[in-house]
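Source file: coords30.cif (mmCIF, C-alpha atoms)
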```cif
data_my_file
#
loop_
_atom_site.group_PDB
_atom_site.id
_atom_site.type_symbol
_atom_site.label_atom_id
_atom_site.label_comp_id
_atom_site.auth_asym_id
_atom_site.auth_seq_id
_atom_site.Cartn_x
_atom_site.Cartn_y
_atom_site.Cartn_z
ATOM 1 C CA MET X 132 17.127 14.346 -35.374
ATOM 2 C CA ALA X 133 20.759 15.264 -35.880
ATOM 3 C CA ASN X 134 21.699 13.901 -32.441
ATOM 4 C CA GLN X 135 19.810 10.636 -33.011
ATOM 5 C CA LYS X 136 22.173 8.269 -34.753
ATOM 6 C CA GLN X 137 20.676 5.175 -36.330
ATOM 7 C CA THR X 138 22.759 2.182 -35.388
ATOM 8 C CA VAL X 139 23.501 -0.004 -38.420
ATOM 9 C CA GLY X 140 24.558 -3.079 -36.484
ATOM 10 C CA VAL X 141 25.301 -3.890 -32.881
ATOM 11 C CA ARG X 142 27.208 -6.805 -31.408
ATOM 12 C CA THR X 143 25.225 -8.461 -28.651
ATOM 13 C CA SER X 144 27.938 -8.457 -26.049
ATOM 14 C CA ARG X 145 26.803 -7.166 -22.666
ATOM 15 C CA GLU X 146 28.412 -3.805 -23.372
ATOM 16 C CA GLY X 147 26.843 -3.558 -26.834
ATOM 17 C CA VAL X 148 23.401 -4.453 -25.503
ATOM 18 C CA LEU X 149 23.719 -1.962 -22.647
ATOM 19 C CA THR X 150 24.827 0.808 -25.005
ATOM 20 C CA LEU X 151 21.957 0.069 -27.384
ATOM 21 C CA PHE X 152 19.429 -0.085 -24.568
ATOM 22 C CA GLU X 153 20.614 3.185 -23.006
ATOM 23 C CA GLN X 154 20.379 4.857 -26.413
ATOM 24 C CA TYR X 155 16.678 3.925 -26.726
ATOM 25 C CA ARG X 156 15.563 3.607 -23.080
ATOM 26 C CA GLU X 157 13.576 6.850 -22.848
ATOM 27 C CA ARG X 158 11.865 6.357 -26.206
ATOM 28 C CA LEU X 159 10.998 2.752 -25.346
ATOM 29 C CA GLN X 160 9.576 3.826 -22.018
ATOM 30 C CA ARG X 161 7.411 6.491 -23.701
ATOM 31 C CA PHE X 162 6.331 3.909 -26.292
ATOM 32 C CA LEU X 163 5.284 1.472 -23.562
ATOM 33 C CA TYR X 164 3.723 4.199 -21.413
ATOM 34 C CA ALA X 165 1.464 5.279 -24.285
ATOM 35 C CA ARG X 166 0.301 1.749 -25.069
ATOM 36 C CA SER X 167 -0.016 0.127 -21.657
ATOM 37 C CA PRO X 168 -3.386 -0.160 -19.909
ATOM 38 C CA ARG X 169 -1.459 0.592 -16.708
ATOM 39 C CA PRO X 170 1.058 3.308 -17.622
ATOM 40 C CA GLN X 171 2.700 3.115 -14.191
ATOM 41 C CA ALA X 172 4.117 -0.257 -15.315
ATOM 42 C CA ALA X 173 6.078 1.292 -18.213
ATOM 43 C CA ALA X 174 9.392 1.339 -16.307
ATOM 44 C CA ASP X 175 9.035 -2.353 -15.406
ATOM 45 C CA LEU X 176 8.114 -3.216 -18.969
ATOM 46 C CA THR X 177 11.134 -1.284 -20.235
ATOM 47 C CA GLN X 178 13.339 -3.300 -17.896
ATOM 48 C CA GLU X 179 11.764 -6.498 -19.228
ATOM 49 C CA VAL X 180 12.729 -5.389 -22.761
ATOM 50 C CA TYR X 181 16.345 -5.102 -21.576
ATOM 51 C CA LEU X 182 16.248 -8.561 -19.987
ATOM 52 C CA ARG X 183 14.850 -10.113 -23.152
ATOM 53 C CA LEU X 184 17.463 -8.325 -25.222
ATOM 54 C CA LEU X 185 20.124 -9.983 -23.083
ATOM 55 C CA ARG X 186 18.789 -13.385 -24.193
ATOM 56 C CA PHE X 187 20.070 -12.778 -27.723
ATOM 57 C CA PRO X 188 23.064 -15.067 -28.386
ATOM 58 C CA PRO X 189 26.361 -13.382 -27.425
ATOM 59 C CA GLN X 190 28.493 -11.814 -30.137
ATOM 60 C CA GLU X 191 25.747 -11.989 -32.763
ATOM 61 C CA LEU X 192 25.176 -8.960 -34.972
ATOM 62 C CA LEU X 193 21.838 -7.169 -34.758
ATOM 63 C CA ARG X 194 21.391 -5.613 -38.189
ATOM 64 C CA GLN X 195 18.342 -3.477 -37.317
ATOM 65 C CA PRO X 196 18.655 -2.936 -33.576
ATOM 66 C CA GLN X 197 15.949 -0.265 -33.287
ATOM 67 C CA ALA X 198 13.391 -2.442 -35.070
ATOM 68 C CA TYR X 199 14.441 -5.420 -32.943
ATOM 69 C CA LEU X 200 14.077 -3.397 -29.722
ATOM 70 C CA TYR X 201 10.607 -2.193 -30.628
ATOM 71 C CA ARG X 202 9.604 -5.721 -31.627
ATOM 72 C CA ILE X 203 10.697 -6.948 -28.218
ATOM 73 C CA ALA X 204 8.787 -4.060 -26.603
ATOM 74 C CA THR X 205 5.649 -4.979 -28.550
ATOM 75 C CA ASN X 206 5.959 -8.613 -27.446
ATOM 76 C CA VAL X 207 6.524 -7.591 -23.815
ATOM 77 C CA LEU X 208 3.460 -5.370 -23.956
ATOM 78 C CA HIS X 209 1.387 -8.151 -25.500
ATOM 79 C CA ASP X 210 2.474 -10.629 -22.802
ATOM 80 C CA PHE X 211 1.766 -8.055 -20.088
ATOM 81 C CA ASN X 212 -1.719 -7.394 -21.452
ATOM 82 C CA LEU X 213 -2.486 -11.127 -21.557
ATOM 83 C CA ARG X 214 -1.320 -11.617 -17.954
ATOM 84 C CA ASP X 215 -3.133 -8.486 -16.834
ATOM 85 C CA ARG X 216 -6.380 -9.607 -18.468
ATOM 86 C CA ASP X 217 -6.134 -13.123 -17.027
ATOM 87 C CA ASP X 218 -5.091 -12.101 -13.520
ATOM 88 C CA CYS X 219 -7.306 -9.097 -12.981
ATOM 89 C CA VAL X 220 -10.159 -10.132 -10.771
ATOM 90 C CA SER X 221 -11.565 -7.714 -8.250
ATOM 91 C CA PHE X 222 -12.633 -9.169 -4.984
ATOM 92 C CA ASP X 223 -14.550 -7.428 -2.236
ATOM 93 C CA SER X 224 -14.439 -9.638 0.841
ATOM 94 C CA ARG X 225 -16.917 -7.429 2.697
ATOM 95 C CA ALA X 226 -19.530 -7.895 -0.018
ATOM 96 C CA VAL X 227 -18.960 -11.657 -0.016
ATOM 97 C CA ASP X 228 -19.394 -11.718 3.762
ATOM 98 C CA GLU X 229 -22.658 -9.768 3.423
ATOM 99 C CA LEU X 230 -23.884 -12.208 0.787
ATOM 100 C CA ALA X 231 -22.916 -15.115 3.004
ATOM 101 C CA ASP X 232 -24.842 -13.584 5.929
ATOM 102 C CA SER X 233 -27.938 -13.022 3.819
ATOM 103 C CA ALA X 234 -27.697 -16.560 2.435
ATOM 104 C CA ALA X 235 -27.479 -17.948 5.975
ATOM 105 C CA ASN X 236 -30.672 -16.091 6.912
ATOM 106 C CA ALA X 237 -32.465 -17.477 3.863
ATOM 107 C CA TRP X 238 -32.244 -20.996 5.317
ATOM 108 C CA LEU X 239 -34.287 -19.869 8.306
ATOM 109 C CA ASP X 240 -37.290 -18.968 6.170
ATOM 110 C CA ASP X 241 -40.036 -21.277 4.982
ATOM 111 C CA PRO X 242 -39.316 -24.328 2.771
ATOM 112 C CA ALA X 243 -40.464 -22.628 -0.448
ATOM 113 C CA ASP X 244 -37.876 -19.889 0.002
ATOM 114 C CA ARG X 245 -35.260 -22.478 0.843
ATOM 115 C CA LEU X 246 -36.052 -24.378 -2.371
ATOM 116 C CA SER X 247 -35.815 -21.184 -4.398
ATOM 117 C CA VAL X 248 -32.423 -20.358 -2.891
ATOM 118 C CA GLU X 249 -31.201 -23.905 -3.534
ATOM 119 C CA GLN X 250 -32.290 -23.646 -7.167
ATOM 120 C CA GLN X 251 -30.555 -20.291 -7.569
ATOM 121 C CA LEU X 252 -27.401 -21.677 -5.987
ATOM 122 C CA HIS X 253 -27.535 -24.724 -8.234
ATOM 123 C CA HIS X 254 -27.989 -22.462 -11.264
ATOM 124 C CA LEU X 255 -25.016 -20.296 -10.208
ATOM 125 C CA LEU X 256 -22.788 -23.317 -9.705
ATOM 126 C CA GLU X 257 -23.776 -24.799 -13.080
ATOM 127 C CA GLN X 258 -22.537 -21.644 -14.809
ATOM 128 C CA LEU X 259 -19.049 -21.941 -13.330
ATOM 129 C CA PRO X 260 -16.241 -23.761 -15.136
ATOM 130 C CA ALA X 261 -15.632 -27.199 -13.599
ATOM 131 C CA ALA X 262 -12.341 -26.259 -11.908
ATOM 132 C CA GLN X 263 -13.811 -23.134 -10.303
ATOM 133 C CA ARG X 264 -16.905 -25.001 -9.151
ATOM 134 C CA ALA X 265 -14.832 -27.821 -7.644
ATOM 135 C CA ALA X 266 -12.469 -25.427 -5.861
ATOM 136 C CA LEU X 267 -15.333 -23.336 -4.494
ATOM 137 C CA LEU X 268 -17.280 -26.337 -3.220
ATOM 138 C CA LEU X 269 -14.228 -27.946 -1.644
ATOM 139 C CA ALA X 270 -13.348 -24.676 0.084
ATOM 140 C CA LYS X 271 -16.775 -23.466 1.206
ATOM 141 C CA ARG X 272 -18.858 -26.617 1.563
ATOM 142 C CA ASP X 273 -16.170 -29.084 2.643
ATOM 143 C CA GLY X 274 -13.965 -26.578 4.482
ATOM 144 C CA LEU X 275 -10.717 -27.822 2.928
ATOM 145 C CA SER X 276 -7.573 -25.687 2.913
ATOM 146 C CA TYR X 277 -6.209 -24.397 -0.374
ATOM 147 C CA GLU X 278 -3.277 -26.810 -0.049
ATOM 148 C CA ASP X 279 -5.634 -29.785 0.301
ATOM 149 C CA ILE X 280 -7.734 -28.587 -2.630
ATOM 150 C CA ALA X 281 -4.605 -28.144 -4.764
ATOM 151 C CA ALA X 282 -3.554 -31.706 -3.974
ATOM 152 C CA ARG X 283 -7.022 -33.078 -4.820
ATOM 153 C CA LEU X 284 -7.336 -31.152 -8.068
ATOM 154 C CA GLY X 285 -3.704 -31.574 -9.096
ATOM 155 C CA VAL X 286 -3.056 -27.846 -9.479
ATOM 156 C CA THR X 287 -1.026 -25.229 -7.630
ATOM 157 C CA VAL X 288 -2.230 -23.391 -4.540
ATOM 158 C CA HIS X 289 -2.110 -20.173 -6.581
ATOM 159 C CA ALA X 290 -4.474 -21.711 -9.140
ATOM 160 C CA VAL X 291 -6.877 -22.763 -6.368
ATOM 161 C CA LYS X 292 -6.912 -19.231 -4.963
ATOM 162 C CA LYS X 293 -7.602 -17.856 -8.431
ATOM 163 C CA TYR X 294 -10.416 -20.367 -9.013
ATOM 164 C CA VAL X 295 -12.118 -19.532 -5.711
ATOM 165 C CA VAL X 296 -11.816 -15.765 -6.196
ATOM 166 C CA ARG X 297 -13.155 -15.940 -9.746
ATOM 167 C CA ALA X 298 -16.011 -18.215 -8.709
ATOM 168 C CA LEU X 299 -16.987 -15.858 -5.893
ATOM 169 C CA ALA X 300 -16.722 -12.847 -8.197
ATOM 170 C CA HIS X 301 -18.976 -14.569 -10.731
ATOM 171 C CA CYS X 302 -21.514 -15.497 -8.054
ATOM 172 C CA ARG X 303 -21.468 -11.949 -6.737
ATOM 173 C CA ALA X 304 -22.037 -10.499 -10.202
ATOM 174 C CA MET X 305 -24.879 -12.906 -10.895
ATOM 175 C CA SER X 306 -26.466 -12.138 -7.516
ATOM 176 C CA ARG X 307 -26.332 -8.443 -8.331
ATOM 177 C CA GLU X 308 -27.967 -9.103 -11.705
ATOM 178 C CA THR X 309 -30.697 -11.160 -10.059
ATOM 179 C CA ALA X 310 -31.329 -8.470 -7.456
ATOM 180 C CA THR X 311 -31.597 -5.722 -10.075
ATOM 181 C CA GLY X 312 -33.439 -7.876 -12.602
ATOM 182 C CA VAL X 313 -30.785 -7.277 -15.285
ATOM 183 C CA GLU X 314 -29.856 -10.231 -17.475
ATOM 184 C CA GLN X 315 -26.592 -10.196 -19.464
#
```

When written as C-alpha cells, how does the structure in this file appear?
Amino acid sequence: MANQKQTVGVRTSREGVLTLFEQYRERLQRFLYARSPRPQAAADLTQEVYLRLLRFPPQELLRQPQAYLYRIATNVLHDFNLRDRDDCVSFDSRAVDELADSAANAWLDDPADRLSVEQQLHHLLEQLPAAQRAALLLAKRDGLSYEDIAARLGVTVHAVKKYVVRALAHCRAMSRETATGVEQ
C-alpha cells in the first residue's frame, strides 16, 4: 500500500483525468471483471468509465476522485446489466423453421386438428405484448418488410426486429412447454 497514493483532489483537465484514470485503470478493470455477468466486457466497461469521467466539467476539482471513479464504474455496470438483460434474446432460426414446417403440415390434417391449432395459435398471440403481436403478424401473416412495419407502428426498424425475435422466442418456448406438458 506504500506505492498506492490516495489522491486528495484532481483537476478535471484532460491531463488530470488521464492521470487519474491511468492510476486506477487496472483496479477498475478488476472491479468490473468481478461484477460483470460477461467478464470479457470489462475492458470496454473500463473505457466507458473513462469516457464518462471526461464529461465532468473542465477545471473542476474532484475532492474524492477514487470514490467518484468507482461510483461511475458502478453506474456503468448497472447500465450495462440493464441493456444486457433487455437485449439478450436467443434466437434459433433452424428451430423456428422446423416449427413453421410442422405448423404448415397441421393445416393438411382434419378440421378438428386445424381448429385446435388455430386455438393454440390464438392463445399464443394473446399472451404477447401488443407491439410484439402486431410486428409478428405484420411480418409473418402480411409479409411486410421491417421498414414497412416500423413505419406503420411508428417505431425504429431495430425495435421491429426486436419485437419479432422476442415474439418468436416466446412462441417457441410456449410450444416447447405444450409439447412437454410443462406449465410455467

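Shortest atom-to-atom contact with Phe152 (chain X) among X:Pro196, X:Gly274, X:Pro168, X:Pro188: X:Pro196, counting all atoms listed in the file.
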
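Interatomic distance, CA of Leu299 (chain X) against CA of Arg283 (chain X): 19.9 Å.
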
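The smallest atom-to-atom distance between Asp279 (chain X) and any of X:Leu159, X:Val291, X:Ala261, X:Leu256, using only C-alpha atoms, is found for X:Val291.
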
Open item on the list: I'd like the contact shell of Pro170 (chain X) - 12 Å cut-off, all atoms listed in the file, skipping same-chain residues fewer than 5 positions apart - returned as an MDAnalysis selection string.
Closed with: chainID X and resid 160:165 175:177 208 211:212

Put those residues in a file: C-alpha atoms, as a compact mmCIF listing (two decimals), in the coordinates of the input.
```txt
# COMPACT_ATOMS: atom_id res chain seq x y z
CA GLN X 160 9.58 3.83 -22.02
CA ARG X 161 7.41 6.49 -23.70
CA PHE X 162 6.33 3.91 -26.29
CA LEU X 163 5.28 1.47 -23.56
CA TYR X 164 3.72 4.20 -21.41
CA ALA X 165 1.46 5.28 -24.28
CA ASP X 175 9.04 -2.35 -15.41
CA LEU X 176 8.11 -3.22 -18.97
CA THR X 177 11.13 -1.28 -20.24
CA LEU X 208 3.46 -5.37 -23.96
CA PHE X 211 1.77 -8.06 -20.09
CA ASN X 212 -1.72 -7.39 -21.45
```

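Each of X:Glu278, X:Thr309, X:Ala270, X:Asp215 was checked against Val295 (chain X) using all atoms listed in the file; the smallest atom-to-atom distance is that of X:Ala270.
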
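If you look at CA of Ala172 (chain X) and CA of Lys292 (chain X), they are 24.3 Å away from each other.
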
Task: Distance criterion (only C-alpha atoms): nearest to Leu267 (chain X) out of X:Arg225, X:Arg214, X:His254, X:His301 - done: X:His301

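Restricting the calculation to all atoms listed in the file, the smallest distance between Lys293 (chain X) and any of X:Ala262, X:Asp210, X:Leu275, X:Glu257 is found for X:Ala262.
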
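Here the question is which of X:Ile280, X:Leu200, X:Ala304, X:Val288 gets nearest to Val180 (chain X) using all atoms listed in the file, and that residue is X:Leu200.
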
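Between CA of Ala265 (chain X) and CA of Gly285 (chain X) lies a distance of 11.8 Å.
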
Open item on the list: Neighbouring residues of Ile203 (chain X) were defined as those with any atom within 10 Å, considering only C-alpha atoms; residues of the same chain fewer than 3 positions away were excluded. Please report them as number ranges by chain.
Closed with: X: 177, 179-181, 183-184, 197-200, 206-209

C-alpha atoms of the current selection, written as a PDB file, keeping the file's coordinate frame:
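Final output, saved to part04.pdb:
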```pdb
ATOM      1  CA  THR X 177      11.134  -1.284 -20.235  1.00  0.00           C
ATOM      2  CA  GLU X 179      11.764  -6.498 -19.228  1.00  0.00           C
ATOM      3  CA  VAL X 180      12.729  -5.389 -22.761  1.00  0.00           C
ATOM      4  CA  TYR X 181      16.345  -5.102 -21.576  1.00  0.00           C
ATOM      5  CA  ARG X 183      14.850 -10.113 -23.152  1.00  0.00           C
ATOM      6  CA  LEU X 184      17.463  -8.325 -25.222  1.00  0.00           C
ATOM      7  CA  GLN X 197      15.949  -0.265 -33.287  1.00  0.00           C
ATOM      8  CA  ALA X 198      13.391  -2.442 -35.070  1.00  0.00           C
ATOM      9  CA  TYR X 199      14.441  -5.420 -32.943  1.00  0.00           C
ATOM     10  CA  LEU X 200      14.077  -3.397 -29.722  1.00  0.00           C
ATOM     11  CA  ASN X 206       5.959  -8.613 -27.446  1.00  0.00           C
ATOM     12  CA  VAL X 207       6.524  -7.591 -23.815  1.00  0.00           C
ATOM     13  CA  LEU X 208       3.460  -5.370 -23.956  1.00  0.00           C
ATOM     14  CA  HIS X 209       1.387  -8.151 -25.500  1.00  0.00           C
TER      15      HIS X 209
END
```
